[in-house]
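Participant: If it helps, the file is called input-v6.csv and holds CSV, C-alpha atoms:
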chain,number,residue,atom,x,y,z
A,138,MET,CA,113.9,118.9,142.2
A,139,PRO,CA,115.8,117.2,139.3
A,140,THR,CA,115.8,118.6,135.8
A,141,HIS,CA,116.1,116.0,133.0
A,142,ASN,CA,117.5,116.8,129.6
A,143,PHE,CA,115.9,114.3,127.2
A,144,THR,CA,116.7,114.0,123.5
A,145,PRO,CA,114.1,111.9,121.6
A,146,ASP,CA,115.2,109.3,119.1
A,147,HIS,CA,111.7,108.1,118.0
A,148,TYR,CA,108.2,109.5,117.9
A,149,HIS,CA,104.5,108.3,118.0
A,150,ASN,CA,101.6,109.2,115.8
A,151,THR,CA,99.2,107.9,118.4
A,152,ILE,CA,98.8,108.8,122.1
A,153,GLY,CA,98.6,105.5,124.0
A,154,SER,CA,100.3,103.0,126.3
A,155,HIS,CA,103.6,103.1,124.5
A,156,PRO,CA,106.8,102.1,126.4
A,157,PRO,CA,107.9,105.1,128.3
A,158,VAL,CA,111.1,107.0,127.2
A,159,LEU,CA,111.8,108.4,130.7
A,160,HIS,CA,110.6,107.9,134.3
A,161,ILE,CA,110.1,111.1,136.2
A,162,ALA,CA,108.7,112.0,139.6
A,163,PRO,CA,106.3,114.7,140.7
A,164,GLY,CA,108.2,118.0,141.0
A,165,ASP,CA,110.7,117.0,138.2
A,166,THR,CA,111.3,119.3,135.2
A,167,VAL,CA,112.0,118.0,131.7
A,168,ILE,CA,113.8,119.9,128.9
A,169,THR,CA,113.2,118.2,125.5
A,170,THR,CA,112.4,118.9,121.9
A,171,THR,CA,109.5,118.3,119.5
A,172,VAL,CA,109.4,117.9,115.7
A,173,ASP,CA,106.8,119.7,113.6
A,174,ALA,CA,103.5,118.2,112.3
A,175,TRP,CA,105.3,116.8,109.2
A,176,GLY,CA,108.1,115.3,111.3
A,177,MET,CA,110.8,117.8,110.6
A,178,ASP,CA,113.4,118.6,113.3
A,179,ASP,CA,115.3,121.8,114.2
A,180,THR,CA,117.5,121.3,111.1
A,181,GLU,CA,114.5,121.0,108.8
A,182,LYS,CA,115.3,117.4,108.3
A,183,LYS,CA,112.4,115.0,108.1
A,184,VAL,CA,113.1,112.4,110.8
A,185,THR,CA,109.7,110.8,111.2
A,186,ASP,CA,106.3,110.7,109.6
A,187,GLY,CA,103.2,112.8,110.5
A,188,PRO,CA,100.6,113.5,111.5
A,189,ASN,CA,101.8,115.3,114.6
A,190,PRO,CA,104.6,113.1,115.9
A,191,MET,CA,104.7,113.0,119.7
A,192,THR,CA,107.8,113.1,121.9
A,193,GLY,CA,107.4,110.7,124.9
A,194,PRO,CA,105.7,109.2,126.6
A,195,PHE,CA,107.0,110.3,130.0
A,196,TYR,CA,106.1,108.0,132.9
A,197,ILE,CA,105.2,109.9,136.1
A,198,GLU,CA,106.0,107.8,139.2
A,199,GLY,CA,103.0,107.3,141.5
A,200,ALA,CA,100.4,108.4,138.9
A,201,GLU,CA,97.4,106.0,139.0
A,202,VAL,CA,93.9,105.9,137.6
A,203,GLY,CA,91.7,108.5,139.3
A,204,ASP,CA,94.6,110.9,139.9
A,205,THR,CA,95.1,114.2,138.0
A,206,LEU,CA,98.4,115.0,136.3
A,207,VAL,CA,99.5,118.6,136.5
A,208,VAL,CA,101.8,119.9,133.7
A,209,HIS,CA,103.3,123.4,134.0
A,210,ILE,CA,104.3,124.7,130.6
A,211,ASP,CA,107.5,126.5,131.7
A,212,ARG,CA,109.0,127.4,128.3
A,213,LEU,CA,108.1,127.0,124.6
A,214,THR,CA,110.8,128.1,122.2
A,215,PRO,CA,110.8,127.6,118.4
A,216,ASN,CA,114.2,126.1,117.6
A,217,ARG,CA,114.6,126.9,113.9
A,218,ILE,CA,113.9,129.9,111.7
A,219,THR,CA,111.4,128.5,109.2
A,220,GLY,CA,107.8,127.6,109.8
A,221,TRP,CA,105.2,126.5,107.3
A,222,GLY,CA,101.4,126.4,106.9
A,223,ARG,CA,98.6,125.6,104.5
A,224,PRO,CA,96.1,128.4,104.0
A,225,GLY,CA,93.7,126.4,101.7
A,226,LEU,CA,92.1,123.7,103.9
A,227,ALA,CA,89.1,125.5,105.5
A,228,GLN,CA,86.4,123.2,104.2
A,229,ASN,CA,85.0,122.4,107.7
A,230,VAL,CA,84.2,126.0,108.5
A,231,VAL,CA,83.9,127.6,105.1
A,232,ASP,CA,81.5,126.7,102.3
A,233,PRO,CA,83.8,126.2,99.3
A,234,ALA,CA,80.8,126.6,96.9
A,235,ALA,CA,80.3,130.1,98.3
A,236,VAL,CA,84.0,131.0,98.1
A,237,PRO,CA,85.2,129.4,94.9
A,238,ALA,CA,88.6,131.2,94.9
A,239,LEU,CA,90.0,129.5,98.0
A,240,PRO,CA,93.6,128.4,97.7
A,241,SER,CA,94.4,124.9,96.6
A,242,ARG,CA,94.7,122.3,99.3
A,243,ASP,CA,98.2,121.7,98.1
A,244,LEU,CA,99.4,125.3,98.7
A,245,THR,CA,102.1,125.5,101.3
A,246,VAL,CA,103.5,128.8,102.5
A,247,TYR,CA,106.7,129.4,104.5
A,248,TRP,CA,107.3,131.8,107.3
A,249,ASP,CA,110.6,133.4,108.5
A,250,VAL,CA,110.4,133.1,112.3
A,251,ASP,CA,112.5,135.5,114.4
A,252,THR,CA,112.4,134.4,118.1
A,253,ALA,CA,114.4,137.5,119.2
A,254,ALA,CA,112.0,139.9,117.6
A,255,ARG,CA,109.1,137.5,118.2
A,256,THR,CA,107.8,137.8,114.7
A,257,ALA,CA,106.8,135.5,111.8
A,258,THR,CA,106.9,137.0,108.3
A,259,LEU,CA,105.6,135.4,105.2
A,260,ARG,CA,108.5,134.5,103.0
A,261,GLN,CA,106.6,134.8,99.7
A,262,PRO,CA,103.4,136.8,99.5
A,263,ILE,CA,100.4,135.1,97.9
A,264,GLY,CA,98.8,138.5,97.0
A,265,ALA,CA,99.6,142.2,96.8
A,266,LYS,CA,97.4,143.4,99.5
A,267,LEU,CA,98.8,141.6,102.5
A,268,GLY,CA,102.3,141.4,101.3
A,269,LYS,CA,104.7,139.6,103.7
A,270,PHE,CA,102.1,139.9,106.5
A,271,PRO,CA,104.3,140.1,109.6
A,272,LEU,CA,102.7,138.8,112.7
A,273,SER,CA,103.7,138.5,116.4
A,274,ILE,CA,104.5,134.9,117.5
A,275,ASN,CA,102.7,133.3,120.4
A,276,PRO,CA,104.2,129.8,120.7
A,277,MET,CA,101.7,127.1,121.7
A,278,ILE,CA,101.4,123.3,121.9
A,279,GLY,CA,98.9,121.9,119.4
A,280,CYS,CA,98.8,118.3,120.6
A,281,PHE,CA,99.6,116.8,124.0
A,282,GLY,CA,98.0,114.5,126.5
A,283,VAL,CA,98.1,111.3,128.5
A,284,ALA,CA,97.4,107.6,127.5
A,285,PRO,CA,93.6,107.1,127.2
A,286,ALA,CA,91.6,104.5,129.0
A,287,ASP,CA,91.3,100.8,128.1
A,288,GLY,CA,94.6,100.5,126.4
A,289,GLN,CA,93.5,102.7,123.5
A,290,ALA,CA,96.0,104.3,121.1
A,291,ILE,CA,94.3,107.4,119.7
A,292,SER,CA,95.5,109.2,116.5
A,293,THR,CA,97.3,112.5,117.0
A,294,ALA,CA,95.0,113.9,114.4
A,295,THR,CA,92.1,114.0,116.9
A,296,SER,CA,91.3,114.5,120.6
A,297,ALA,CA,89.2,113.2,123.4
A,298,GLU,CA,89.1,113.0,127.2
A,299,HIS,CA,92.9,112.3,127.3
A,300,GLY,CA,93.8,115.5,125.5
A,301,GLY,CA,95.3,115.1,122.0
A,302,ASN,CA,95.1,117.4,119.0
A,303,MET,CA,93.2,120.2,120.7
A,304,ASP,CA,95.0,123.1,118.9
A,305,TYR,CA,93.9,125.7,121.5
A,306,ASN,CA,96.1,128.8,121.2
A,307,GLY,CA,95.9,129.3,124.9
A,308,PHE,CA,98.2,126.4,125.6
A,309,VAL,CA,101.2,128.7,125.9
A,310,GLU,CA,104.2,129.3,128.1
A,311,GLY,CA,103.2,129.9,131.7
A,312,VAL,CA,99.9,127.9,131.6
A,313,THR,CA,99.2,125.0,133.9
A,314,VAL,CA,97.3,122.1,132.4
A,315,TYR,CA,95.5,119.3,134.3
A,316,PHE,CA,95.0,115.9,132.7
A,317,PRO,CA,92.9,113.0,134.0
A,318,VAL,CA,95.0,109.9,134.6
A,319,PHE,CA,93.7,106.8,132.8
A,320,GLN,CA,96.8,104.5,133.0
A,321,SER,CA,99.5,103.9,135.5
A,322,GLY,CA,102.2,106.5,135.1
A,323,ALA,CA,99.9,108.7,133.1
A,324,LEU,CA,102.2,108.4,130.0
A,325,PHE,CA,102.4,112.0,129.0
A,326,HIS,CA,103.1,112.9,125.3
A,327,LEU,CA,103.6,116.2,123.6
A,328,GLY,CA,104.3,117.7,120.1
A,329,ASP,CA,102.8,119.7,117.2
A,330,GLY,CA,104.3,123.1,118.1
A,331,HIS,CA,103.0,126.3,116.5
A,332,ALA,CA,104.8,129.6,116.4
A,333,LEU,CA,101.3,131.1,116.2
A,334,GLN,CA,97.8,130.1,115.2
A,335,GLY,CA,94.4,131.8,114.9
A,336,ASP,CA,91.4,130.6,116.9
A,337,GLY,CA,90.1,127.2,115.7
A,338,GLU,CA,93.0,126.3,113.4
A,339,MET,CA,90.4,126.8,110.6
A,340,SER,CA,92.8,126.1,107.7
A,341,GLY,CA,94.2,122.9,109.4
A,342,THR,CA,97.6,124.4,110.3
A,343,GLY,CA,99.2,127.1,112.4
A,344,VAL,CA,102.7,128.3,111.7
A,345,GLU,CA,104.1,124.8,112.1
A,346,ILE,CA,107.6,124.5,113.6
A,347,SER,CA,109.8,122.4,115.9
A,348,PHE,CA,110.3,123.4,119.5
A,349,GLU,CA,112.5,123.2,122.6
A,350,VAL,CA,110.2,122.6,125.5
A,351,GLN,CA,110.5,122.8,129.2
A,352,PHE,CA,107.8,121.5,131.5
A,353,THR,CA,107.4,120.5,135.1
A,354,VAL,CA,105.0,117.9,136.5
A,355,GLU,CA,103.0,117.5,139.7
A,356,LEU,CA,100.4,115.0,140.8
A,357,LEU,CA,97.1,115.5,142.5
A,358,LYS,CA,96.5,112.1,144.2
A,359,GLY,CA,92.9,111.0,144.4
A,360,VAL,CA,91.7,114.2,142.6
A,361,LYS,CA,89.5,113.0,139.8
A,362,SER,CA,88.8,114.9,136.6
A,363,GLY,CA,87.0,114.0,133.5
A,364,TRP,CA,88.5,116.3,130.8
A,365,PRO,CA,91.6,118.4,130.5
A,366,ARG,CA,91.6,121.6,132.6
A,367,GLY,CA,93.9,124.6,132.7
A,368,GLU,CA,94.7,127.9,134.2
A,369,ASN,CA,96.7,131.0,133.6
A,370,ALA,CA,97.1,134.3,135.5
A,371,GLU,CA,93.6,135.5,134.7
A,372,TYR,CA,91.3,132.4,134.0
A,373,ILE,CA,90.6,128.8,134.8
A,374,PHE,CA,89.3,126.9,131.8
A,375,THR,CA,88.1,123.4,130.8
A,376,THR,CA,88.1,121.7,127.5
A,377,GLY,CA,85.6,119.5,125.7
A,378,ASN,CA,86.6,117.5,122.6
A,379,ALA,CA,83.9,116.0,120.4
A,380,ARG,CA,81.8,116.3,117.3
A,381,PRO,CA,79.2,117.8,116.7
A,382,LEU,CA,80.0,121.2,118.2
A,383,ASP,CA,77.2,121.1,120.7
A,384,GLN,CA,78.6,118.0,122.3
A,385,CYS,CA,82.1,119.5,123.0
A,386,VAL,CA,80.4,122.6,124.4
A,387,GLN,CA,78.4,120.3,126.7
A,388,ASN,CA,81.6,118.4,127.7
A,389,ALA,CA,83.5,121.6,128.5
A,390,THR,CA,80.6,123.2,130.4
A,391,THR,CA,79.9,120.1,132.5
A,392,GLU,CA,83.6,119.8,133.4
A,393,MET,CA,83.6,123.4,134.5
A,394,LEU,CA,80.6,122.9,136.7
A,395,ALA,CA,82.3,119.9,138.3
A,396,TRP,CA,85.6,121.8,138.8
A,397,LEU,CA,84.0,124.8,140.4
A,398,GLN,CA,82.4,122.5,143.0
A,399,GLN,CA,85.6,120.6,143.6
A,400,ARG,CA,88.0,123.5,143.6
A,401,CYS,CA,85.9,126.2,145.3
A,402,GLY,CA,83.5,124.2,147.4
A,403,LEU,CA,80.4,125.7,145.6
A,404,SER,CA,77.1,123.9,145.4
A,405,ALA,CA,75.9,122.9,142.0
A,406,ALA,CA,73.4,125.8,142.1
A,407,GLU,CA,76.1,128.3,143.0
A,408,ALA,CA,78.4,127.0,140.3
A,409,ASN,CA,75.6,127.2,137.7
A,410,LEU,CA,74.8,130.8,138.8
A,411,LEU,CA,78.5,131.8,138.6
A,412,MET,CA,78.8,130.4,135.1
A,413,GLY,CA,75.5,131.8,133.9
A,414,PHE,CA,76.7,135.3,134.3
A,415,THR,CA,80.5,135.1,133.9
A,416,VAL,CA,81.3,132.2,131.6
A,417,GLU,CA,83.3,132.8,128.4
A,418,TYR,CA,83.9,130.4,125.5
A,419,GLU,CA,86.7,130.0,123.0
A,420,VAL,CA,87.2,127.5,120.2
A,421,GLY,CA,90.2,125.2,119.8
A,422,ASN,CA,90.4,122.9,116.9
A,423,MET,CA,87.6,123.3,114.3
A,424,PHE,CA,89.3,121.3,111.5
A,425,ASP,CA,90.0,117.8,112.6
A,426,PRO,CA,87.7,114.8,113.5
A,427,ALA,CA,86.9,116.2,117.0
A,428,TYR,CA,86.2,119.9,117.7
A,429,THR,CA,87.5,121.5,120.8
A,430,MET,CA,85.7,124.0,122.9
A,431,ILE,CA,87.1,126.0,125.8
A,432,CYS,CA,84.9,127.1,128.8
A,433,LYS,CA,86.5,129.9,130.8
A,434,ILE,CA,85.8,131.7,134.1
A,435,PRO,CA,87.8,134.8,135.2
A,436,LYS,CA,89.6,134.1,138.4
A,437,ARG,CA,88.4,137.4,139.9
A,438,TYR,CA,85.0,135.9,140.3
A,439,LEU,CA,86.1,132.8,142.2
A,440,PRO,CA,85.5,132.7,145.9
A,441,GLU,CA,88.4,132.3,148.2
Starting from the coordinates I provided, produce the structure as structure tokens.
Facilitator:
Amino acid sequence: MPTHNFTPDHYHNTIGSHPPVLHIAPGDTVITTTVDAWGMDDTEKKVTDGPNPMTGPFYIEGAEVGDTLVVHIDRLTPNRITGWGRPGLAQNVVDPAAVPALPSRDLTVYWDVDTAARTATLRQPIGAKLGKFPLSINPMIGCFGVAPADGQAISTATSAEHGGNMDYNGFVEGVTVYFPVFQSGALFHLGDGHALQGDGEMSGTGVEISFEVQFTVELLKGVKSGWPRGENAEYIFTTGNARPLDQCVQNATTEMLAWLQQRCGLSAAEANLLMGFTVEYEVGNMFDPAYTMICKIPKRYLPE
């Protein structure tokens, strides 16, 4: 199948029915780049405005409402040596009155990113105890998805059924993601790369950086889904995006019940039983307007 090398020359701060930058077919692979959440490219030049500028959209031939778009994340490579983050923005999950010494919202820290060693090291420590705080990188996509229903254009600062700013650190190389199709061509967007990020993106950032990305698309014709789904070698998982937290938990859990019936041929009672004793949950974004919850089932429990 063809491989397309695409160099973006403009970006979007909403995910919607924008004119496509490239038409591709199921089975095709795309190699492209993304800028960081501030709009800086691989040379650290600001080429567009934030938040979370998207590369795309990519039009997938044959995709229609009611289908499911399959995106294989083949490769995620930070393409520069400097990342940044803001450690002082935890107001959604930390009570600032109880922790009055939190860093200023304006504090930005910079990280030296070594893709060969797979490390990120704080360039300038903010205290003596942690020092330069070297960490292992785990490149992930923070924001991606398809055009939502009804001609909407939804800010890349948030998320919904179409995907968006989910900031789940399980969206890494080797993962397959399934998106409901709400518009002809699906119109797939992606961006907001992180060299690494803790669960929940509690401070509002990961190690923000630009990427070279390779992905391959497929299409499940007539297979309906309601929320983004995914799988890796060990798990299948579903996402729910909403606020308050109990609503996104319900969205993710309901989607998993539906997927188990669709994928494995289980009855609703069997799917509920399986989930009741094996389900696992993880948090995606806990900072932005919509929270993200991940509902996971180990593949070893799935019937053939």
Participant: Excluding same-chain residues fewer than 3 positions from Asn229 of chain A, what lies within 12 Å of it counting all atoms listed in the file, as a count of residues only?
Facilitator: 19
Participant: Can you tell me how far atom CA of Tyr247 of chain A sits from atom CA of Phe308 of chain A, in Å to one decimal?
Facilitator: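 Computing the Euclidean distance for atom CA of Tyr247 of chain A and atom CA of Phe308 of chain A yields 22.9 Å.
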Participant: List the neighbours of segment 373-377 of chain A out to 7 Å using only C-alpha atoms; skip same-chain residues closer than 2 positions along the sequence, and give me the result as a PyMOL selection string.
Facilitator: chain A and resi 364-369+379+385-386+388-389+392-393+429-436
Participant: So how many Å separate atom CA of Asp249 of chain A and atom CA of Pro224 of chain A, to one decimal?
Facilitator: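 So the two atoms, atom CA of Asp249 of chain A and atom CA of Pro224 of chain A, lie 16.0 Å apart.
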Participant: Hey, what's within 7 Å of Leu272 of chain A if we count only C-alpha atoms and toss same-chain stuff fewer than 2 positions away? As a PyMOL selection string, please?
Facilitator: chain A and resi 256-258+270+274
Participant: Using the selection just defined, write its residues with C-alpha atoms as a CSV table (one decimal), keeping the file's coordinate frame.
Facilitator:
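Output file part-v5.csv is given in full below:
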chain,number,residue,atom,x,y,z
A,256,THR,CA,107.8,137.8,114.7
A,257,ALA,CA,106.8,135.5,111.8
A,258,THR,CA,106.9,137.0,108.3
A,270,PHE,CA,102.1,139.9,106.5
A,274,ILE,CA,104.5,134.9,117.5
Participant: Write out as a list in words the residues lying within 7 Å of Gly176 of chain A, counting all atoms listed in the file and excluding same-chain residues fewer than 5 positions away.
Facilitator: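 After dropping sequence-adjacent residues, the list is Lys183, Val184, Thr185, Asp186, Gly187 and Pro190 of chain A.
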Participant: For atom CA of Val312 of chain A and atom CA of Gly203 of chain A, determine how far apart the two atoms are, in Å to one decimal place.
Facilitator: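 Atom CA of Gly203 of chain A lies 22.4 Å from atom CA of Val312 of chain A.
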Participant: As JSON, please report the centre and edge lengths, rounded to one decimal in Å, of the axis-aligned box that holds all listed atoms of segment 155-173 of chain A with 4 Å of padding on each of the six sides.
Facilitator:
{"center_x": 108.7, "center_y": 111.0, "center_z": 127.3, "size_x": 18.2, "size_y": 25.8, "size_z": 35.4}
Participant: Which one is closest to Ala395 of chain A: A:Pro240, A:Gly279, A:Gly363, A:Pro262? Count all atoms listed in the file.
Facilitator: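 Among the listed residues, the smallest separation from Ala395 of chain A belongs to A:Gly363.
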Participant: Which residues are near Asp173 of chain A? Cut-off 12 Å, all atoms listed in the file, ignore same chain within fewer than 5 positions. Put them as a ChimeraX atom specification.
Facilitator: /A:148,150,178-192,215-217,219-222,278-280,327-332,342-349
Participant: Which residue gives the smallest distance to Leu159 of chain A among A:Ile263, A:Ala294, A:Leu324, A:Val202, with only C-alpha atoms counted?
Facilitator: A:Leu324
Participant: Which of these residues is nearest to Ile168 of chain A, using all atoms listed in the file: A:Gly153, A:Ile197, A:Ser241, A:Leu213?
Facilitator: A:Leu213
Participant: Looking at A:Ser296, A:Gln351, A:Gln384, A:Gln289, which one is nearest to Gly421 of chain A, with distances taken over only C-alpha atoms?
Facilitator: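 Ranking A:Ser296, A:Gln351, A:Gln384, A:Gln289 by distance to Gly421 of chain A, first place goes to A:Ser296.
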Participant: Go through A:Ile291, A:Val309, A:Met277, A:Met177 and flag the residue nearest Ala370 of chain A, using all atoms listed in the file for the distances.
Facilitator: A:Val309
Participant: Determine the nearest neighbour of Glu298 of chain A from the options A:Thr252, A:Arg242, A:Ala284, A:Thr140, counting only C-alpha atoms.
Facilitator: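 Ranking A:Thr252, A:Arg242, A:Ala284, A:Thr140 by distance to Glu298 of chain A, first place goes to A:Ala284.
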Participant: (104.4, 108.6, 139.9) in this file's frame - what residues fall within 10 Å of it? Use only C-alpha atoms and give the answer as an NGL selection string.
Facilitator: :A and (160-163 or 196-201 or 206 or 321-323 or 354-356 or 358)
